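Novice: I'd like to ask some things about the structure below.
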Amino acid sequence: MNTTSLLLDFLMPRLCHLCGERLAGSERYICTACAARLPRTNYHRLPDNPMEQRFAGIFPFKRAAGHFFYTPASDPAILIHDLKYRHFRNLGRYLGELMGRELMTSGFLGDADRIIPVPMHFLKQGMRGYNQTEQLAIGLSAATGIPVDTSLRAVRPHKTQTRLSHAQRMDNTRGIFHLKNPSALAGKHVVLLDDVCTTGATLTSAAEAMLTDCPGLRITLLTLAVTF
């Protein structure tokens, strides 16, 4: 750390988002101990894992994984809340890098050509200031070298899905995505990325739109976190 960074850290110490302890010079957002304790699913190492079973028979895909287990009171939930609602934009890049480094040891991403983050409607993104999933994608790209592609667009807004049933979530997300310039992705293998997979409605809607616009596209599904 340079002199300015040391002074700022003294005046406004950087604290771990999970345990509240002061971060060491090389640590970012969460301390090493808390990072090690995050509840990893290891789905990327398990063929026919529970997330793949969630989407089986709905649309064709190559692989699927959520990196951390998610419950409303879990550490991943705290981090995602800080990323989405407390304006810690770069926390998303850090989490994407963390996930990417761990995925690279398994071959899960294989021959992926692009990372496509699930988009937000421009009105919602304007209110938040950024798309948290795009920040995850930037971090994932930095760790893996796979470029980010933002050609998937949300063509209409949809309401928050927190309190909706599975059927309501499917209705809420139906027809909201469109792939811009699909010919540029013809024959490609893409990683469709989102922050959390709960019912899978958003990923299903996004994947179905991409396959409609670009038949033959190969899709791997990936989320930072996934419910049990």
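Labeling convention for the structure tokens: chains A, B, ... as they appear, residues from 1 per chain, ligands from 1 in order of appearance.
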Do you know which residues are at most 10 Å from Thr212 in chain A counting only C-alpha atoms, after dropping those on the same chain fewer than 5 positions away, and could you put them as a list of chain:residue names?

Specialist: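 That gives A:His178, A:Leu179, A:Pro182, A:Ala206, A:Ala207, A:Leu217.
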
Novice: I'd like the contact shell of Ile115 in chain A - 12 Å cut-off, only C-alpha atoms, skipping same-chain residues fewer than 3 positions apart - returned as an MDAnalysis selection string.

Specialist: chainID A and resid 96 100 109 111:112 118:119 133:142 144:152 185 188:194 218:223

Novice: Let me see the file: selected residues, C-alpha atoms, as a JSON list (two decimals), in the first residue's frame.

Specialist:
```
[["chain", "number", "residue", "atom", "x", "y", "z"],
["A", 96, "GLY", "CA", -16.11, -12.65, -9.53],
["A", 100, "GLY", "CA", -13.03, -17.47, -11.30],
["A", 109, "LEU", "CA", -15.41, -23.23, -17.95],
["A", 111, "ASP", "CA", -13.80, -23.82, -24.03],
["A", 112, "ALA", "CA", -16.09, -20.91, -23.13],
["A", 118, "VAL", "CA", -27.89, -11.31, -17.02],
["A", 119, "PRO", "CA", -28.81, -7.68, -17.75],
["A", 133, "THR", "CA", -23.99, -9.15, -12.32],
["A", 134, "GLU", "CA", -21.91, -7.24, -14.85],
["A", 135, "GLN", "CA", -19.48, -6.40, -12.05],
["A", 136, "LEU", "CA", -19.25, -10.12, -11.22],
["A", 137, "ALA", "CA", -18.59, -10.79, -14.91],
["A", 138, "ILE", "CA", -15.75, -8.25, -15.03],
["A", 139, "GLY", "CA", -14.08, -9.97, -12.06],
["A", 140, "LEU", "CA", -14.68, -13.43, -13.54],
["A", 141, "SER", "CA", -13.14, -12.25, -16.81],
["A", 142, "ALA", "CA", -10.09, -10.84, -15.02],
["A", 144, "THR", "CA", -10.14, -16.41, -16.44],
["A", 145, "GLY", "CA", -9.31, -14.30, -19.48],
["A", 146, "ILE", "CA", -12.76, -14.97, -20.99],
["A", 147, "PRO", "CA", -14.15, -11.70, -22.40],
["A", 148, "VAL", "CA", -17.43, -10.18, -21.24],
["A", 149, "ASP", "CA", -20.24, -9.76, -23.78],
["A", 150, "THR", "CA", -23.16, -7.45, -22.95],
["A", 151, "SER", "CA", -25.25, -8.16, -26.05],
["A", 152, "LEU", "CA", -28.10, -9.68, -23.98],
["A", 185, "LEU", "CA", -22.43, -15.49, -31.21],
["A", 188, "LYS", "CA", -20.09, -19.95, -29.61],
["A", 189, "HIS", "CA", -20.01, -21.39, -26.10],
["A", 190, "VAL", "CA", -21.11, -18.74, -23.58],
["A", 191, "VAL", "CA", -21.28, -18.59, -19.81],
["A", 192, "LEU", "CA", -24.64, -17.12, -18.77],
["A", 193, "LEU", "CA", -23.93, -15.49, -15.42],
["A", 194, "ASP", "CA", -26.24, -14.27, -12.63],
["A", 218, "ARG", "CA", -23.98, -23.54, -26.37],
["A", 219, "ILE", "CA", -24.71, -22.29, -22.86],
["A", 220, "THR", "CA", -23.11, -22.95, -19.48],
["A", 221, "LEU", "CA", -25.07, -21.61, -16.50],
["A", 222, "LEU", "CA", -23.18, -20.04, -13.60],
["A", 223, "THR", "CA", -24.26, -18.09, -10.52]]
```

Novice: Which residues are close to range 63-76 of chain A, i.e. within 7 Å by only C-alpha atoms, leaving aside same-chain residues fewer than 2 positions away? Reply as number ranges by chain.

Specialist: A: 18, 38-44, 51-52, 61, 78-80, 99, 220-228

Novice: Which of range 17-50 of chain A counts as helix (DSSP H, G or I) under DSSP, as a PDB file with N, CA and C atoms, in the first residue's frame please?

Specialist:
```pdb
ATOM      1  N   THR A  32      -9.216 -13.133   5.100  1.00  0.00           N
ATOM      2  CA  THR A  32      -8.839 -14.450   4.590  1.00  0.00           C
ATOM      3  C   THR A  32      -9.617 -15.564   5.289  1.00  0.00           C
ATOM      4  N   ALA A  33      -9.813 -15.428   6.604  1.00  0.00           N
ATOM      5  CA  ALA A  33     -10.526 -16.463   7.350  1.00  0.00           C
ATOM      6  C   ALA A  33     -11.980 -16.559   6.900  1.00  0.00           C
ATOM      7  N   CYS A  34     -12.645 -15.427   6.731  1.00  0.00           N
ATOM      8  CA  CYS A  34     -14.048 -15.451   6.291  1.00  0.00           C
ATOM      9  C   CYS A  34     -14.176 -15.955   4.860  1.00  0.00           C
ATOM     10  N   ALA A  35     -13.227 -15.595   4.010  1.00  0.00           N
ATOM     11  CA  ALA A  35     -13.254 -16.082   2.628  1.00  0.00           C
ATOM     12  C   ALA A  35     -13.138 -17.601   2.594  1.00  0.00           C
ATOM     13  N   ALA A  36     -12.302 -18.149   3.458  1.00  0.00           N
ATOM     14  CA  ALA A  36     -12.119 -19.595   3.497  1.00  0.00           C
ATOM     15  C   ALA A  36     -13.365 -20.310   3.998  1.00  0.00           C
ATOM     16  N   ARG A  37     -14.160 -19.621   4.840  1.00  0.00           N
ATOM     17  CA  ARG A  37     -15.354 -20.255   5.421  1.00  0.00           C
ATOM     18  C   ARG A  37     -16.603 -20.124   4.566  1.00  0.00           C
ATOM     19  N   TYR A  43     -20.255 -27.639  -6.857  1.00  0.00           N
ATOM     20  CA  TYR A  43     -21.070 -28.160  -7.954  1.00  0.00           C
ATOM     21  C   TYR A  43     -20.279 -28.234  -9.254  1.00  0.00           C
ATOM     22  N   HIS A  44     -19.302 -27.337  -9.436  1.00  0.00           N
ATOM     23  CA  HIS A  44     -18.544 -27.330 -10.690  1.00  0.00           C
ATOM     24  C   HIS A  44     -17.720 -28.598 -10.861  1.00  0.00           C
ATOM     25  N   ARG A  45     -17.576 -29.376  -9.794  1.00  0.00           N
ATOM     26  CA  ARG A  45     -16.843 -30.644  -9.859  1.00  0.00           C
ATOM     27  C   ARG A  45     -17.785 -31.851  -9.905  1.00  0.00           C
ATOM     28  N   PRO A  50     -27.169 -30.757  -8.227  1.00  0.00           N
ATOM     29  CA  PRO A  50     -28.539 -30.285  -8.016  1.00  0.00           C
ATOM     30  C   PRO A  50     -28.942 -29.085  -8.869  1.00  0.00           C
TER      31      PRO A  50
END
```

Novice: Calculate how many Å separate CA of Cys214 in chain A from CA of Arg114 in chain A, rounding to one decimal.

Specialist: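 Distance reported for this atom pair: 14.2 Å.
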
Novice: Distance CA of Gly57 in chain A-CA of Asp213 in chain A, one decimal place?

Specialist: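 Separating CA of Gly57 in chain A from CA of Asp213 in chain A is a distance of 19.4 Å.
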
Novice: Using only C-alpha atoms, can you tell me which of A:Phe55, A:His17, A:Glu27, A:Leu98 comes closest to Thr199 in chain A?

Specialist: A:Phe55

Novice: So which bits of range 43-205 of chain A end up strand (DSSP E or B) when you DSSP the backbone, as a PDB file with N, CA, C and O atoms, in the first residue's frame?

Specialist:
```
ATOM      1  N   ALA A  64     -23.921 -26.555 -15.415  1.00  0.00           N
ATOM      2  CA  ALA A  64     -24.521 -25.545 -14.550  1.00  0.00           C
ATOM      3  C   ALA A  64     -23.929 -25.667 -13.153  1.00  0.00           C
ATOM      4  O   ALA A  64     -23.686 -26.773 -12.669  1.00  0.00           O
ATOM      5  N   ALA A  65     -23.713 -24.519 -12.516  1.00  0.00           N
ATOM      6  CA  ALA A  65     -23.206 -24.523 -11.145  1.00  0.00           C
ATOM      7  C   ALA A  65     -23.503 -23.187 -10.480  1.00  0.00           C
ATOM      8  O   ALA A  65     -23.487 -22.139 -11.125  1.00  0.00           O
ATOM      9  N   GLY A  66     -23.783 -23.251  -9.196  1.00  0.00           N
ATOM     10  CA  GLY A  66     -23.777 -22.078  -8.328  1.00  0.00           C
ATOM     11  C   GLY A  66     -22.605 -22.259  -7.386  1.00  0.00           C
ATOM     12  O   GLY A  66     -22.384 -23.360  -6.866  1.00  0.00           O
ATOM     13  N   HIS A  67     -21.824 -21.211  -7.144  1.00  0.00           N
ATOM     14  CA  HIS A  67     -20.550 -21.399  -6.455  1.00  0.00           C
ATOM     15  C   HIS A  67     -20.680 -21.492  -4.936  1.00  0.00           C
ATOM     16  O   HIS A  67     -19.938 -22.239  -4.301  1.00  0.00           O
ATOM     17  N   PHE A  68     -21.599 -20.731  -4.351  1.00  0.00           N
ATOM     18  CA  PHE A  68     -21.796 -20.754  -2.899  1.00  0.00           C
ATOM     19  C   PHE A  68     -23.246 -21.092  -2.581  1.00  0.00           C
ATOM     20  O   PHE A  68     -24.165 -20.728  -3.318  1.00  0.00           O
ATOM     21  N   PHE A  69     -23.460 -21.766  -1.460  1.00  0.00           N
ATOM     22  CA  PHE A  69     -24.816 -22.006  -0.988  1.00  0.00           C
ATOM     23  C   PHE A  69     -25.404 -20.700  -0.451  1.00  0.00           C
ATOM     24  O   PHE A  69     -24.724 -19.929   0.230  1.00  0.00           O
ATOM     25  N   TYR A  70     -26.694 -20.506  -0.742  1.00  0.00           N
ATOM     26  CA  TYR A  70     -27.369 -19.258  -0.360  1.00  0.00           C
ATOM     27  C   TYR A  70     -28.595 -19.551   0.498  1.00  0.00           C
ATOM     28  O   TYR A  70     -29.440 -20.367   0.142  1.00  0.00           O
ATOM     29  N   ARG A 114     -17.313 -16.573 -24.262  1.00  0.00           N
ATOM     30  CA  ARG A 114     -17.800 -15.298 -23.753  1.00  0.00           C
ATOM     31  C   ARG A 114     -18.475 -15.501 -22.400  1.00  0.00           C
ATOM     32  O   ARG A 114     -19.024 -16.567 -22.108  1.00  0.00           O
ATOM     33  N   ILE A 115     -18.444 -14.468 -21.589  1.00  0.00           N
ATOM     34  CA  ILE A 115     -19.249 -14.399 -20.367  1.00  0.00           C
ATOM     35  C   ILE A 115     -20.363 -13.396 -20.616  1.00  0.00           C
ATOM     36  O   ILE A 115     -20.095 -12.238 -20.962  1.00  0.00           O
ATOM     37  N   ILE A 116     -21.600 -13.824 -20.464  1.00  0.00           N
ATOM     38  CA  ILE A 116     -22.753 -12.936 -20.701  1.00  0.00           C
ATOM     39  C   ILE A 116     -23.496 -12.747 -19.383  1.00  0.00           C
ATOM     40  O   ILE A 116     -24.152 -13.670 -18.893  1.00  0.00           O
ATOM     41  N   PRO A 117     -23.398 -11.559 -18.773  1.00  0.00           N
ATOM     42  CA  PRO A 117     -24.133 -11.311 -17.533  1.00  0.00           C
ATOM     43  C   PRO A 117     -25.616 -11.087 -17.803  1.00  0.00           C
ATOM     44  O   PRO A 117     -25.982 -10.476 -18.820  1.00  0.00           O
ATOM     45  N   VAL A 148     -16.032 -10.448 -21.582  1.00  0.00           N
ATOM     46  CA  VAL A 148     -17.428 -10.177 -21.238  1.00  0.00           C
ATOM     47  C   VAL A 148     -18.161  -9.685 -22.480  1.00  0.00           C
ATOM     48  O   VAL A 148     -17.643  -8.875 -23.245  1.00  0.00           O
ATOM     49  N   LEU A 152     -26.760  -9.311 -24.473  1.00  0.00           N
ATOM     50  CA  LEU A 152     -28.097  -9.682 -23.985  1.00  0.00           C
ATOM     51  C   LEU A 152     -28.704  -8.453 -23.322  1.00  0.00           C
ATOM     52  O   LEU A 152     -28.088  -7.832 -22.448  1.00  0.00           O
ATOM     53  N   ARG A 153     -29.906  -8.090 -23.727  1.00  0.00           N
ATOM     54  CA  ARG A 153     -30.560  -6.889 -23.220  1.00  0.00           C
ATOM     55  C   ARG A 153     -31.888  -7.227 -22.548  1.00  0.00           C
ATOM     56  O   ARG A 153     -32.564  -8.188 -22.944  1.00  0.00           O
ATOM     57  N   ALA A 154     -32.238  -6.436 -21.542  1.00  0.00           N
ATOM     58  CA  ALA A 154     -33.566  -6.524 -20.921  1.00  0.00           C
ATOM     59  C   ALA A 154     -34.437  -5.477 -21.605  1.00  0.00           C
ATOM     60  O   ALA A 154     -34.178  -4.275 -21.488  1.00  0.00           O
ATOM     61  N   PHE A 177     -36.066 -10.603 -22.224  1.00  0.00           N
ATOM     62  CA  PHE A 177     -34.695 -10.555 -22.732  1.00  0.00           C
ATOM     63  C   PHE A 177     -34.651 -10.678 -24.252  1.00  0.00           C
ATOM     64  O   PHE A 177     -35.489 -11.330 -24.873  1.00  0.00           O
ATOM     65  N   HIS A 178     -33.631 -10.057 -24.836  1.00  0.00           N
ATOM     66  CA  HIS A 178     -33.422 -10.112 -26.278  1.00  0.00           C
ATOM     67  C   HIS A 178     -31.931 -10.028 -26.544  1.00  0.00           C
ATOM     68  O   HIS A 178     -31.214  -9.259 -25.896  1.00  0.00           O
ATOM     69  N   LEU A 179     -31.457 -10.825 -27.501  1.00  0.00           N
ATOM     70  CA  LEU A 179     -30.032 -10.876 -27.829  1.00  0.00           C
ATOM     71  C   LEU A 179     -29.764  -9.946 -29.006  1.00  0.00           C
ATOM     72  O   LEU A 179     -30.285 -10.143 -30.103  1.00  0.00           O
ATOM     73  N   HIS A 189     -19.692 -20.842 -27.425  1.00  0.00           N
ATOM     74  CA  HIS A 189     -20.015 -21.387 -26.102  1.00  0.00           C
ATOM     75  C   HIS A 189     -19.946 -20.237 -25.122  1.00  0.00           C
ATOM     76  O   HIS A 189     -18.891 -19.616 -24.948  1.00  0.00           O
ATOM     77  N   VAL A 190     -21.062 -19.904 -24.469  1.00  0.00           N
ATOM     78  CA  VAL A 190     -21.114 -18.739 -23.580  1.00  0.00           C
ATOM     79  C   VAL A 190     -21.442 -19.179 -22.161  1.00  0.00           C
ATOM     80  O   VAL A 190     -22.114 -20.188 -21.937  1.00  0.00           O
ATOM     81  N   VAL A 191     -20.949 -18.406 -21.215  1.00  0.00           N
ATOM     82  CA  VAL A 191     -21.281 -18.587 -19.805  1.00  0.00           C
ATOM     83  C   VAL A 191     -22.345 -17.556 -19.458  1.00  0.00           C
ATOM     84  O   VAL A 191     -22.081 -16.348 -19.480  1.00  0.00           O
ATOM     85  N   LEU A 192     -23.551 -18.005 -19.185  1.00  0.00           N
ATOM     86  CA  LEU A 192     -24.640 -17.122 -18.771  1.00  0.00           C
ATOM     87  C   LEU A 192     -24.545 -16.966 -17.262  1.00  0.00           C
ATOM     88  O   LEU A 192     -24.703 -17.931 -16.514  1.00  0.00           O
ATOM     89  N   LEU A 193     -24.279 -15.750 -16.808  1.00  0.00           N
ATOM     90  CA  LEU A 193     -23.928 -15.488 -15.415  1.00  0.00           C
ATOM     91  C   LEU A 193     -25.001 -14.668 -14.712  1.00  0.00           C
ATOM     92  O   LEU A 193     -25.492 -13.680 -15.255  1.00  0.00           O
ATOM     93  N   ASP A 194     -25.344 -15.057 -13.473  1.00  0.00           N
ATOM     94  CA  ASP A 194     -26.241 -14.269 -12.632  1.00  0.00           C
ATOM     95  C   ASP A 194     -25.707 -14.294 -11.206  1.00  0.00           C
ATOM     96  O   ASP A 194     -24.791 -15.064 -10.882  1.00  0.00           O
ATOM     97  N   ASP A 195     -26.292 -13.458 -10.335  1.00  0.00           N
ATOM     98  CA  ASP A 195     -25.796 -13.411  -8.964  1.00  0.00           C
ATOM     99  C   ASP A 195     -26.335 -14.567  -8.124  1.00  0.00           C
ATOM    100  O   ASP A 195     -25.567 -15.247  -7.438  1.00  0.00           O
ATOM    101  N   VAL A 196     -27.649 -14.816  -8.168  1.00  0.00           N
ATOM    102  CA  VAL A 196     -28.247 -15.869  -7.348  1.00  0.00           C
ATOM    103  C   VAL A 196     -29.229 -16.680  -8.185  1.00  0.00           C
ATOM    104  O   VAL A 196     -29.994 -16.125  -8.973  1.00  0.00           O
ATOM    105  N   CYS A 197     -29.224 -17.986  -7.987  1.00  0.00           N
ATOM    106  CA  CYS A 197     -30.245 -18.859  -8.576  1.00  0.00           C
ATOM    107  C   CYS A 197     -31.152 -19.345  -7.460  1.00  0.00           C
ATOM    108  O   CYS A 197     -30.691 -20.011  -6.522  1.00  0.00           O
TER     109      CYS A 197
END
```

Novice: For CA of Tyr29 in chain A and CA of Phe108 in chain A, determine how far apart the two atoms are, in Å to one decimal place.

Specialist: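 Interatomic distance here is 26.0 Å.
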
Novice: Rank nothing, just name the residue among A:Glu21, A:Asp113, A:Glu97, A:Glu102 nearest to Gly187 in chain A, using only C-alpha atoms.

Specialist: A:Asp113

Novice: Which of these residues is nearest to Gly216 in chain A, using only C-alpha atoms: A:Arg89, A:Leu103, A:Asp48, A:Lys62?

Specialist: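 The answer is A:Lys62, which sits nearest to Gly216 in chain A.
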